[in-house]
Amino acid sequence: MSTQAKAVSLVSGGLDSMLATRAIMDQGIHVEGINFFTGFCVEGHTHAIRQEDRQKPKRNNALWVAEQLGIKLHIVDVIEEYKDVLLNPRHGYGQNMNPCLDCKGFMVRKAYEWIQQNDFDFIITGEVLGQRPMSQRKDTMPVVQRESGAGDLLLRPLCAKHLPPTLPEREGWVERDKLFAFNGRSRKPQMALAQEYGFTDYATPAGGCCFLTDKAYSEKLVDMWQHRSSRDYQLDDIMLLKVGRHLRPRPHFKMIISREEGEGKFLEGYRKQFLHLRTHSHAGPLVLIDGEVSDDDIHLAARIAARYGQGRDAEQVEIEVIALDEQHQMLQVRPFGQDEISPKWRV
Amino acid sequence: MARIDRELDARRLLCPLPVIRAQDAIADMRSGERLRVVATDPGVKNDIPAWCRINGHKVESMDERDDEIVLIIEVEGFGAPAFTDH
Ligand code: SF4
């Protein structure tokens with residue numbers, strides 16, 4: 001082992017990993033952070049898309065936490081590898097499409113690979129026993145250790161006293177007595193420790209660290225899979241699920257309708273990949289069509305698109321249809337009324 | 001104008017991808033070299049300087065025009081200690 005023990009900490013940007021990291025730094029360990037980008041992380045995306053959110057100050061919480069702690073942060077793109085975790089989770093999904101237990105195992109495994117490549121000694125996470133229904137139970141915590149391959153190189157400082165001593169404790173690199181015994185869903189012990197460390201501004205604890213815990217998002221993802229021949233996905237697919245109003249008026253095609261300027265701009269970037277519609281005679285959304293469509297389908301989509309523009313009460317609205325080969329076509333349509341948009345179309 | 005050793009087109013990528021791409025580009029660069037990043041996600045205005053601060057690199061300039069943000073990063077900025085300039 002190197003003279004000063006070195007640990008890598010899974011920094012999510014939330015309070016727990018921030019506390020766990022600090023607790024280990026206070027024991028004289030050199031700590032660096034690692035953060036995995038799966039494509040589903042709440043960080044960043046939507047707040048960069050919507051116009052109203054563009055005005056708000058933005059920060060990447062993982063970077064912010066690293067800066068507060070004065071540690072390096074390595075952000076790792078795991079988009080490709082994560083597909084298998086999401087598509088084939090051995091331990092299934094949580095309440096929504098979140099494969100938390102497999103996800104934790106995967107991230108700790110990646111961290112384990114990282115420490116081997118970078119000559120670090122152990123891994124820490126901010127997990128708390130009993131805090132999450134799936135991945136942080138007494139019976140599932142050893143699963144992460146086992147399946148990641150990290151074994152007892154994985155230390156969870158916030159609940160270490162409830163768990164068997166790990167190698168860093170047994171070797172005396174860290175003092176077990178100075179670790180914690182947090183347990184359960186209450187956030188009080190974390191808040192108290194945050195106060196003790198002088199952390200006043202931290203990301204509010206939320207239900208999960210990614211969009212997969214979000215019901216509406218998960219429904220869109222399932223809808224996408226159900227209407228494609230394969231469940232494989234690209235980053236663009238999962239990004240588009242975060243943007244706009246999604247309607248599926250026919251099983252074989254879906255409309256992605258921008259709700260405001262920022263989303264319109266974002267969807268503009270996909271013009272070359274999708275047949276799309278614009279309202280010509282009035283201000284209106286940009287609409288991408290996902291699926292193979294007939295002339296009848298396009299006419300239907302144009303009437304729906306007209307409903308979401310300023311011409312919704314007009315007799316006729318002119319809609320421009322731009323095909324994938326960039327051929328333009330103008331359609332005059334009567335906008336759908338509110339009650340003609342079936343609630344069943346909403347994805 | 002200062003020499004640019006490497007260009008990174010991060011347009012249309014949303015954070016943290018521009019940061020990841022910059023980080024990966026810098027991993028292959030030498031101290032004193034300059035990376036020019038062009039991005040469109042306004043999140044980079046915060047995230048790339050933050051990443052540079054914690055990793056000891058220096059953002060030499062950051063300009064914004066027509067929805068594009070252009071950053072010039074000097075790898076392992078000379079004598080700029082990390083964590084001090086915020
Ligand atoms: S909430 Fe998302 S990122 Fe967090 S453990 Fe679950 S699946 Fe993984």
# chains A, B, ... in the order shown; residues from 1 in each chain; ligands from 1
>>> residues_around(residues="region 14-25 of chain B", least_positions_apart="3", cutoff="10 Å", atoms="only C-alpha atoms", output="MDAnalysis selection string")
(chainID A and resid 37 39 41 43:49 59:60 63 74:77 239) or (chainID B and resid 6:11 28:29 35:44 47:52 55 73)
>>> residues_near_ligand(ligand="ligand 1", cutoff="10 Å", atoms="only C-alpha atoms and all ligand atoms", output="VMD selection string")
chain A and resid 12 36 to 42 82 85 to 86 93 to 94 96 to 107 132 134 to 136 206 to 214
>>> select_by_dssp(residues="region 22-215 of chain A", states="helix (DSSP H, G or I)", output="PDB file with C-alpha atoms, in the first residue's frame")
ATOM      1  CA  ARG A  22     -15.431  14.386   4.524  1.00  0.00           C
ATOM      2  CA  ALA A  23     -15.500  11.798   7.328  1.00  0.00           C
ATOM      3  CA  ILE A  24     -12.767   9.819   5.577  1.00  0.00           C
ATOM      4  CA  MET A  25     -10.723  12.899   4.646  1.00  0.00           C
ATOM      5  CA  HIS A  45     -30.013  18.320 -18.835  1.00  0.00           C
ATOM      6  CA  THR A  46     -33.461  19.692 -18.572  1.00  0.00           C
ATOM      7  CA  HIS A  47     -32.357  22.810 -16.830  1.00  0.00           C
ATOM      8  CA  ALA A  48     -30.223  23.557 -19.853  1.00  0.00           C
ATOM      9  CA  ILE A  49     -33.117  23.065 -22.225  1.00  0.00           C
ATOM     10  CA  GLN A  51     -35.870  28.735 -21.524  1.00  0.00           C
ATOM     11  CA  GLU A  52     -37.179  29.636 -18.072  1.00  0.00           C
ATOM     12  CA  ASP A  53     -34.573  27.371 -16.502  1.00  0.00           C
ATOM     13  CA  ARG A  54     -31.758  28.819 -18.611  1.00  0.00           C
ATOM     14  CA  ASN A  61     -23.791  19.275  -7.852  1.00  0.00           C
ATOM     15  CA  ALA A  62     -21.054  16.648  -8.010  1.00  0.00           C
ATOM     16  CA  LEU A  63     -18.537  19.271  -9.159  1.00  0.00           C
ATOM     17  CA  TRP A  64     -19.785  21.662  -6.559  1.00  0.00           C
ATOM     18  CA  VAL A  65     -19.423  19.094  -3.775  1.00  0.00           C
ATOM     19  CA  ALA A  66     -15.904  18.237  -4.940  1.00  0.00           C
ATOM     20  CA  GLU A  67     -14.973  21.884  -4.895  1.00  0.00           C
ATOM     21  CA  GLN A  68     -16.383  22.388  -1.409  1.00  0.00           C
ATOM     22  CA  LEU A  69     -14.398  19.422  -0.185  1.00  0.00           C
ATOM     23  CA  ILE A  79     -23.690   5.544 -21.182  1.00  0.00           C
ATOM     24  CA  GLU A  80     -22.911   2.473 -23.304  1.00  0.00           C
ATOM     25  CA  GLU A  81     -22.102   0.086 -20.492  1.00  0.00           C
ATOM     26  CA  TYR A  82     -25.094   1.212 -18.496  1.00  0.00           C
ATOM     27  CA  LYS A  83     -27.487  -0.109 -21.147  1.00  0.00           C
ATOM     28  CA  ASP A  84     -27.010  -3.647 -19.967  1.00  0.00           C
ATOM     29  CA  VAL A  85     -27.682  -2.598 -16.368  1.00  0.00           C
ATOM     30  CA  LEU A  86     -30.949  -0.974 -17.333  1.00  0.00           C
ATOM     31  CA  LEU A  87     -32.073  -3.542 -19.881  1.00  0.00           C
ATOM     32  CA  CYS A 100     -31.020   0.565  -8.169  1.00  0.00           C
ATOM     33  CA  LEU A 101     -29.406  -2.559  -6.815  1.00  0.00           C
ATOM     34  CA  ASP A 102     -27.779  -3.510 -10.121  1.00  0.00           C
ATOM     35  CA  CYS A 103     -26.892   0.126 -10.670  1.00  0.00           C
ATOM     36  CA  LYS A 104     -25.076   0.377  -7.334  1.00  0.00           C
ATOM     37  CA  GLY A 105     -23.261  -2.878  -8.038  1.00  0.00           C
ATOM     38  CA  PHE A 106     -22.261  -1.588 -11.456  1.00  0.00           C
ATOM     39  CA  MET A 107     -20.981   1.748 -10.146  1.00  0.00           C
ATOM     40  CA  VAL A 108     -18.993   0.154  -7.349  1.00  0.00           C
ATOM     41  CA  ARG A 109     -17.552  -2.299  -9.888  1.00  0.00           C
ATOM     42  CA  LYS A 110     -16.486   0.599 -12.107  1.00  0.00           C
ATOM     43  CA  ALA A 111     -14.957   2.303  -9.075  1.00  0.00           C
ATOM     44  CA  TYR A 112     -13.194  -0.958  -8.207  1.00  0.00           C
ATOM     45  CA  GLU A 113     -11.709  -1.100 -11.715  1.00  0.00           C
ATOM     46  CA  TRP A 114     -10.699   2.529 -11.331  1.00  0.00           C
ATOM     47  CA  ILE A 115      -8.837   2.017  -8.051  1.00  0.00           C
ATOM     48  CA  GLN A 116      -6.950  -0.878  -9.568  1.00  0.00           C
ATOM     49  CA  GLN A 117      -5.906   1.203 -12.565  1.00  0.00           C
ATOM     50  CA  ASN A 118      -5.024   4.238 -10.475  1.00  0.00           C
ATOM     51  CA  MET A 141     -25.658  -4.226   1.014  1.00  0.00           C
ATOM     52  CA  PRO A 142     -23.482  -7.371   0.847  1.00  0.00           C
ATOM     53  CA  VAL A 143     -24.869  -8.002  -2.658  1.00  0.00           C
ATOM     54  CA  VAL A 144     -23.224  -4.803  -3.909  1.00  0.00           C
ATOM     55  CA  GLN A 145     -19.936  -5.784  -2.277  1.00  0.00           C
ATOM     56  CA  ARG A 146     -20.070  -9.246  -3.786  1.00  0.00           C
ATOM     57  CA  GLU A 147     -21.313  -8.491  -7.277  1.00  0.00           C
ATOM     58  CA  SER A 148     -19.052  -5.500  -7.772  1.00  0.00           C
ATOM     59  CA  GLY A 151     -15.665  -7.061  -1.379  1.00  0.00           C
ATOM     60  CA  ASP A 152     -14.334  -5.531   1.783  1.00  0.00           C
ATOM     61  CA  LEU A 153     -12.590  -2.713  -0.061  1.00  0.00           C
ATOM     62  CA  ALA A 160     -20.094   1.284   8.930  1.00  0.00           C
ATOM     63  CA  LYS A 161     -20.809   0.446  12.539  1.00  0.00           C
ATOM     64  CA  HIS A 162     -23.799  -1.636  11.504  1.00  0.00           C
ATOM     65  CA  LEU A 167     -10.260  -4.042   5.148  1.00  0.00           C
ATOM     66  CA  PRO A 168      -9.494  -0.304   5.649  1.00  0.00           C
ATOM     67  CA  GLU A 169     -10.823  -0.629   9.207  1.00  0.00           C
ATOM     68  CA  ARG A 170      -9.055  -3.895   9.960  1.00  0.00           C
ATOM     69  CA  ARG A 176     -13.866   2.379  13.008  1.00  0.00           C
ATOM     70  CA  ASP A 177     -14.712   4.293  16.180  1.00  0.00           C
ATOM     71  CA  LYS A 178     -14.833   7.513  14.232  1.00  0.00           C
ATOM     72  CA  LYS A 188     -31.737  14.122  11.032  1.00  0.00           C
ATOM     73  CA  PRO A 189     -28.334  12.512  11.704  1.00  0.00           C
ATOM     74  CA  GLN A 190     -27.116  13.683   8.292  1.00  0.00           C
ATOM     75  CA  MET A 191     -28.367  17.223   8.923  1.00  0.00           C
ATOM     76  CA  ALA A 192     -26.644  17.285  12.307  1.00  0.00           C
ATOM     77  CA  LEU A 193     -23.366  16.047  10.830  1.00  0.00           C
ATOM     78  CA  ALA A 194     -23.643  18.576   8.006  1.00  0.00           C
ATOM     79  CA  GLN A 195     -23.965  21.287  10.609  1.00  0.00           C
ATOM     80  CA  GLU A 196     -20.983  19.953  12.508  1.00  0.00           C
ATOM     81  CA  TYR A 197     -18.910  20.059   9.312  1.00  0.00           C
ATOM     82  CA  PHE A 211     -34.715  10.133 -14.080  1.00  0.00           C
ATOM     83  CA  LEU A 212     -35.369   6.414 -13.820  1.00  0.00           C
ATOM     84  CA  THR A 213     -37.029   6.967 -10.457  1.00  0.00           C
ATOM     85  CA  LYS A 215     -42.839   7.903 -12.929  1.00  0.00           C
TER      86      LYS A 215
END
>>> residues_around(residues="region 296-304 of chain A", least_positions_apart="2", cutoff="10 Å", atoms="only C-alpha atoms", output="VMD selection string")
chain A and resid 247 to 250 252 to 255 257 275 to 279 287 to 289 292 to 294 306 to 309 312 316 to 321 331 to 338 340 to 341
>>> select_by_dssp(residues="chain B", states="strand (DSSP E or B)", output="mmCIF file with N, CA and C atoms, in the first residue's frame")
data_model
loop_
_atom_site.group_PDB
_atom_site.id
_atom_site.type_symbol
_atom_site.label_atom_id
_atom_site.label_comp_id
_atom_site.auth_asym_id
_atom_site.auth_seq_id
_atom_site.Cartn_x
_atom_site.Cartn_y
_atom_site.Cartn_z
ATOM 1 N N ARG B 6 -5.370 21.977 -29.274
ATOM 2 C CA ARG B 6 -6.417 20.998 -29.559
ATOM 3 C C ARG B 6 -7.767 21.683 -29.533
ATOM 4 N N GLU B 7 -8.659 21.225 -30.407
ATOM 5 C CA GLU B 7 -10.004 21.803 -30.488
ATOM 6 C C GLU B 7 -11.003 20.743 -30.030
ATOM 7 N N LEU B 8 -12.038 21.180 -29.334
ATOM 8 C CA LEU B 8 -13.092 20.246 -28.942
ATOM 9 C C LEU B 8 -14.442 20.854 -29.323
ATOM 10 N N ASP B 9 -15.155 20.159 -30.183
ATOM 11 C CA ASP B 9 -16.482 20.618 -30.564
ATOM 12 C C ASP B 9 -17.486 19.925 -29.652
ATOM 13 N N ALA B 10 -18.018 20.679 -28.676
ATOM 14 C CA ALA B 10 -18.988 20.100 -27.737
ATOM 15 C C ALA B 10 -20.363 20.718 -27.965
ATOM 16 N N ARG B 34 -2.885 24.201 -24.802
ATOM 17 C CA ARG B 34 -4.187 24.870 -24.710
ATOM 18 C C ARG B 34 -5.272 24.117 -25.476
ATOM 19 N N LEU B 35 -6.409 23.997 -24.807
ATOM 20 C CA LEU B 35 -7.573 23.349 -25.412
ATOM 21 C C LEU B 35 -8.650 24.410 -25.641
ATOM 22 N N ARG B 36 -9.201 24.400 -26.848
ATOM 23 C CA ARG B 36 -10.300 25.323 -27.146
ATOM 24 C C ARG B 36 -11.584 24.508 -27.233
ATOM 25 N N VAL B 37 -12.572 24.886 -26.420
ATOM 26 C CA VAL B 37 -13.840 24.146 -26.384
ATOM 27 C C VAL B 37 -14.946 25.055 -26.905
ATOM 28 N N VAL B 38 -15.742 24.546 -27.832
ATOM 29 C CA VAL B 38 -16.920 25.292 -28.283
ATOM 30 C C VAL B 38 -18.142 24.493 -27.843
ATOM 31 N N ALA B 39 -19.037 25.136 -27.099
ATOM 32 C CA ALA B 39 -20.201 24.422 -26.566
ATOM 33 C C ALA B 39 -21.443 25.285 -26.706
ATOM 34 N N LYS B 58 -6.381 25.935 -15.933
ATOM 35 C CA LYS B 58 -6.731 27.355 -15.908
ATOM 36 C C LYS B 58 -7.613 27.726 -17.106
ATOM 37 N N VAL B 59 -8.753 28.356 -16.813
ATOM 38 C CA VAL B 59 -9.585 28.846 -17.918
ATOM 39 C C VAL B 59 -9.020 30.214 -18.296
ATOM 40 N N GLU B 60 -8.415 30.286 -19.472
ATOM 41 C CA GLU B 60 -7.793 31.551 -19.895
ATOM 42 C C GLU B 60 -8.823 32.549 -20.353
ATOM 43 N N SER B 61 -9.844 32.054 -21.056
ATOM 44 C CA SER B 61 -10.878 32.978 -21.504
ATOM 45 C C SER B 61 -12.161 32.214 -21.741
ATOM 46 N N MET B 62 -13.253 32.975 -21.650
ATOM 47 C CA MET B 62 -14.568 32.380 -21.917
ATOM 48 C C MET B 62 -15.392 33.466 -22.612
ATOM 49 N N ASP B 63 -15.795 33.206 -23.853
ATOM 50 C CA ASP B 63 -16.575 34.194 -24.622
ATOM 51 C C ASP B 63 -17.867 33.547 -25.074
ATOM 52 N N GLU B 64 -18.877 34.380 -25.171
ATOM 53 C CA GLU B 64 -20.174 33.865 -25.587
ATOM 54 C C GLU B 64 -20.668 34.703 -26.743
ATOM 55 N N ARG B 65 -20.977 34.061 -27.849
ATOM 56 C CA ARG B 65 -21.644 34.796 -28.921
ATOM 57 C C ARG B 65 -22.549 33.861 -29.705
ATOM 58 N N GLU B 68 -23.198 30.419 -28.639
ATOM 59 C CA GLU B 68 -22.048 29.514 -28.530
ATOM 60 C C GLU B 68 -21.097 30.034 -27.460
ATOM 61 N N ILE B 69 -20.581 29.122 -26.692
ATOM 62 C CA ILE B 69 -19.644 29.497 -25.637
ATOM 63 C C ILE B 69 -18.282 28.919 -26.013
ATOM 64 N N VAL B 70 -17.291 29.794 -26.019
ATOM 65 C CA VAL B 70 -15.950 29.350 -26.404
ATOM 66 C C VAL B 70 -15.027 29.515 -25.194
ATOM 67 N N LEU B 71 -14.425 28.419 -24.777
ATOM 68 C CA LEU B 71 -13.511 28.483 -23.637
ATOM 69 C C LEU B 71 -12.110 28.071 -24.086
ATOM 70 N N ILE B 72 -11.129 28.760 -23.556
ATOM 71 C CA ILE B 72 -9.749 28.329 -23.791
ATOM 72 C C ILE B 72 -9.162 27.914 -22.452
ATOM 73 N N ILE B 73 -8.716 26.675 -22.415
ATOM 74 C CA ILE B 73 -8.203 26.106 -21.160
ATOM 75 C C ILE B 73 -6.723 25.840 -21.305
ATOM 76 N N GLU B 74 -5.983 26.308 -20.328
ATOM 77 C CA GLU B 74 -4.563 25.973 -20.311
ATOM 78 C C GLU B 74 -4.383 24.794 -19.355
#
>>> atom_distance(atom1="CA of Gly56 (chain B)", atom2="CA of Ile71 (chain A)")
10.5 Å
>>> atom_distance(atom1="CA of Gly172 (chain A)", atom2="CA of Arg187 (chain A)")
29.0 Å
>>> decode(residues="region 27-40 of chain B", atoms="all heavy atoms", output="PDB file, in the first residue's frame")
ATOM      1  N   ALA B  27      -6.738  14.789 -20.595  1.00  0.00           N
ATOM      2  CA  ALA B  27      -5.963  13.635 -20.104  1.00  0.00           C
ATOM      3  C   ALA B  27      -4.845  13.276 -21.079  1.00  0.00           C
ATOM      4  O   ALA B  27      -3.817  12.727 -20.683  1.00  0.00           O
ATOM      5  CB  ALA B  27      -6.892  12.439 -19.892  1.00  0.00           C
ATOM      6  N   ASP B  28      -5.041  13.601 -22.363  1.00  0.00           N
ATOM      7  CA  ASP B  28      -4.018  13.270 -23.376  1.00  0.00           C
ATOM      8  C   ASP B  28      -3.117  14.464 -23.698  1.00  0.00           C
ATOM      9  O   ASP B  28      -2.347  14.410 -24.651  1.00  0.00           O
ATOM     10  CB  ASP B  28      -4.693  12.865 -24.698  1.00  0.00           C
ATOM     11  CG  ASP B  28      -5.410  11.542 -24.561  1.00  0.00           C
ATOM     12  OD1 ASP B  28      -5.008  10.759 -23.693  1.00  0.00           O
ATOM     13  OD2 ASP B  28      -6.368  11.321 -25.331  1.00  0.00           O
ATOM     14  N   MET B  29      -3.272  15.556 -22.970  1.00  0.00           N
ATOM     15  CA  MET B  29      -2.494  16.761 -23.310  1.00  0.00           C
ATOM     16  C   MET B  29      -1.394  16.987 -22.277  1.00  0.00           C
ATOM     17  O   MET B  29      -1.438  16.441 -21.179  1.00  0.00           O
ATOM     18  CB  MET B  29      -3.431  17.981 -23.394  1.00  0.00           C
ATOM     19  CG  MET B  29      -4.392  17.872 -24.575  1.00  0.00           C
ATOM     20  SD  MET B  29      -5.635  19.193 -24.591  1.00  0.00           S
ATOM     21  CE  MET B  29      -4.653  20.618 -25.025  1.00  0.00           C
ATOM     22  N   ARG B  30      -0.455  17.833 -22.664  1.00  0.00           N
ATOM     23  CA  ARG B  30       0.673  18.100 -21.757  1.00  0.00           C
ATOM     24  C   ARG B  30       0.519  19.452 -21.083  1.00  0.00           C
ATOM     25  O   ARG B  30      -0.176  20.342 -21.583  1.00  0.00           O
ATOM     26  CB  ARG B  30       1.975  18.069 -22.548  1.00  0.00           C
ATOM     27  CG  ARG B  30       2.416  16.657 -22.913  1.00  0.00           C
ATOM     28  CD  ARG B  30       3.885  16.666 -23.321  1.00  0.00           C
ATOM     29  NE  ARG B  30       4.090  17.592 -24.436  1.00  0.00           N
ATOM     30  CZ  ARG B  30       4.196  17.213 -25.693  1.00  0.00           C
ATOM     31  NH1 ARG B  30       4.132  15.946 -26.005  1.00  0.00           N
ATOM     32  NH2 ARG B  30       4.370  18.094 -26.649  1.00  0.00           N
ATOM     33  N   SER B  31       1.190  19.594 -19.963  1.00  0.00           N
ATOM     34  CA  SER B  31       1.154  20.845 -19.218  1.00  0.00           C
ATOM     35  C   SER B  31       1.559  22.015 -20.128  1.00  0.00           C
ATOM     36  O   SER B  31       2.517  21.914 -20.891  1.00  0.00           O
ATOM     37  CB  SER B  31       2.122  20.725 -18.036  1.00  0.00           C
ATOM     38  OG  SER B  31       2.186  21.942 -17.375  1.00  0.00           O
ATOM     39  N   GLY B  32       0.793  23.087 -20.036  1.00  0.00           N
ATOM     40  CA  GLY B  32       1.108  24.270 -20.844  1.00  0.00           C
ATOM     41  C   GLY B  32       0.369  24.297 -22.173  1.00  0.00           C
ATOM     42  O   GLY B  32       0.294  25.338 -22.821  1.00  0.00           O
ATOM     43  N   GLU B  33      -0.193  23.166 -22.598  1.00  0.00           N
ATOM     44  CA  GLU B  33      -0.933  23.156 -23.869  1.00  0.00           C
ATOM     45  C   GLU B  33      -2.324  23.764 -23.672  1.00  0.00           C
ATOM     46  O   GLU B  33      -2.828  23.824 -22.550  1.00  0.00           O
ATOM     47  CB  GLU B  33      -1.051  21.722 -24.404  1.00  0.00           C
ATOM     48  CG  GLU B  33       0.287  21.181 -24.882  1.00  0.00           C
ATOM     49  CD  GLU B  33       0.170  19.837 -25.598  1.00  0.00           C
ATOM     50  OE1 GLU B  33      -0.741  19.049 -25.278  1.00  0.00           O
ATOM     51  OE2 GLU B  33       1.017  19.580 -26.463  1.00  0.00           O
ATOM     52  N   ARG B  34      -2.885  24.201 -24.802  1.00  0.00           N
ATOM     53  CA  ARG B  34      -4.187  24.870 -24.710  1.00  0.00           C
ATOM     54  C   ARG B  34      -5.272  24.117 -25.476  1.00  0.00           C
ATOM     55  O   ARG B  34      -5.061  23.715 -26.615  1.00  0.00           O
ATOM     56  CB  ARG B  34      -4.097  26.278 -25.293  1.00  0.00           C
ATOM     57  CG  ARG B  34      -3.403  27.234 -24.375  1.00  0.00           C
ATOM     58  CD  ARG B  34      -3.488  28.648 -24.924  1.00  0.00           C
ATOM     59  NE  ARG B  34      -2.734  29.526 -24.064  1.00  0.00           N
ATOM     60  CZ  ARG B  34      -1.412  29.624 -24.103  1.00  0.00           C
ATOM     61  NH1 ARG B  34      -0.732  28.911 -24.969  1.00  0.00           N
ATOM     62  NH2 ARG B  34      -0.791  30.442 -23.291  1.00  0.00           N
ATOM     63  N   LEU B  35      -6.409  23.997 -24.807  1.00  0.00           N
ATOM     64  CA  LEU B  35      -7.573  23.349 -25.412  1.00  0.00           C
ATOM     65  C   LEU B  35      -8.650  24.410 -25.641  1.00  0.00           C
ATOM     66  O   LEU B  35      -8.948  25.207 -24.741  1.00  0.00           O
ATOM     67  CB  LEU B  35      -8.115  22.270 -24.458  1.00  0.00           C
ATOM     68  CG  LEU B  35      -9.435  21.610 -24.861  1.00  0.00           C
ATOM     69  CD1 LEU B  35      -9.244  20.708 -26.088  1.00  0.00           C
ATOM     70  CD2 LEU B  35     -10.005  20.778 -23.711  1.00  0.00           C
ATOM     71  N   ARG B  36      -9.201  24.400 -26.848  1.00  0.00           N
ATOM     72  CA  ARG B  36     -10.300  25.323 -27.146  1.00  0.00           C
ATOM     73  C   ARG B  36     -11.584  24.508 -27.233  1.00  0.00           C
ATOM     74  O   ARG B  36     -11.648  23.529 -27.981  1.00  0.00           O
ATOM     75  CB  ARG B  36     -10.022  26.022 -28.478  1.00  0.00           C
ATOM     76  CG  ARG B  36     -11.043  27.047 -28.885  1.00  0.00           C
ATOM     77  CD  ARG B  36     -10.469  27.802 -30.095  1.00  0.00           C
ATOM     78  NE  ARG B  36     -11.404  28.796 -30.585  1.00  0.00           N
ATOM     79  CZ  ARG B  36     -12.334  28.535 -31.500  1.00  0.00           C
ATOM     80  NH1 ARG B  36     -12.448  27.331 -32.011  1.00  0.00           N
ATOM     81  NH2 ARG B  36     -13.148  29.493 -31.907  1.00  0.00           N
ATOM     82  N   VAL B  37     -12.572  24.886 -26.420  1.00  0.00           N
ATOM     83  CA  VAL B  37     -13.840  24.146 -26.384  1.00  0.00           C
ATOM     84  C   VAL B  37     -14.946  25.055 -26.905  1.00  0.00           C
ATOM     85  O   VAL B  37     -15.076  26.202 -26.463  1.00  0.00           O
ATOM     86  CB  VAL B  37     -14.199  23.737 -24.928  1.00  0.00           C
ATOM     87  CG1 VAL B  37     -15.462  22.879 -24.905  1.00  0.00           C
ATOM     88  CG2 VAL B  37     -13.055  23.009 -24.256  1.00  0.00           C
ATOM     89  N   VAL B  38     -15.742  24.546 -27.832  1.00  0.00           N
ATOM     90  CA  VAL B  38     -16.920  25.292 -28.283  1.00  0.00           C
ATOM     91  C   VAL B  38     -18.142  24.493 -27.843  1.00  0.00           C
ATOM     92  O   VAL B  38     -18.261  23.306 -28.161  1.00  0.00           O
ATOM     93  CB  VAL B  38     -16.950  25.464 -29.815  1.00  0.00           C
ATOM     94  CG1 VAL B  38     -18.119  26.344 -30.226  1.00  0.00           C
ATOM     95  CG2 VAL B  38     -15.638  26.053 -30.309  1.00  0.00           C
ATOM     96  N   ALA B  39     -19.037  25.136 -27.099  1.00  0.00           N
ATOM     97  CA  ALA B  39     -20.201  24.422 -26.566  1.00  0.00           C
ATOM     98  C   ALA B  39     -21.443  25.285 -26.706  1.00  0.00           C
ATOM     99  O   ALA B  39     -21.344  26.501 -26.955  1.00  0.00           O
ATOM    100  CB  ALA B  39     -19.946  24.066 -25.106  1.00  0.00           C
ATOM    101  N   THR B  40     -22.594  24.662 -26.554  1.00  0.00           N
ATOM    102  CA  THR B  40     -23.837  25.427 -26.630  1.00  0.00           C
ATOM    103  C   THR B  40     -24.655  25.359 -25.337  1.00  0.00           C
ATOM    104  O   THR B  40     -25.532  26.183 -25.125  1.00  0.00           O
ATOM    105  CB  THR B  40     -24.719  24.927 -27.802  1.00  0.00           C
ATOM    106  OG1 THR B  40     -24.697  23.496 -27.802  1.00  0.00           O
ATOM    107  CG2 THR B  40     -24.210  25.431 -29.134  1.00  0.00           C
TER     108      THR B  40
END
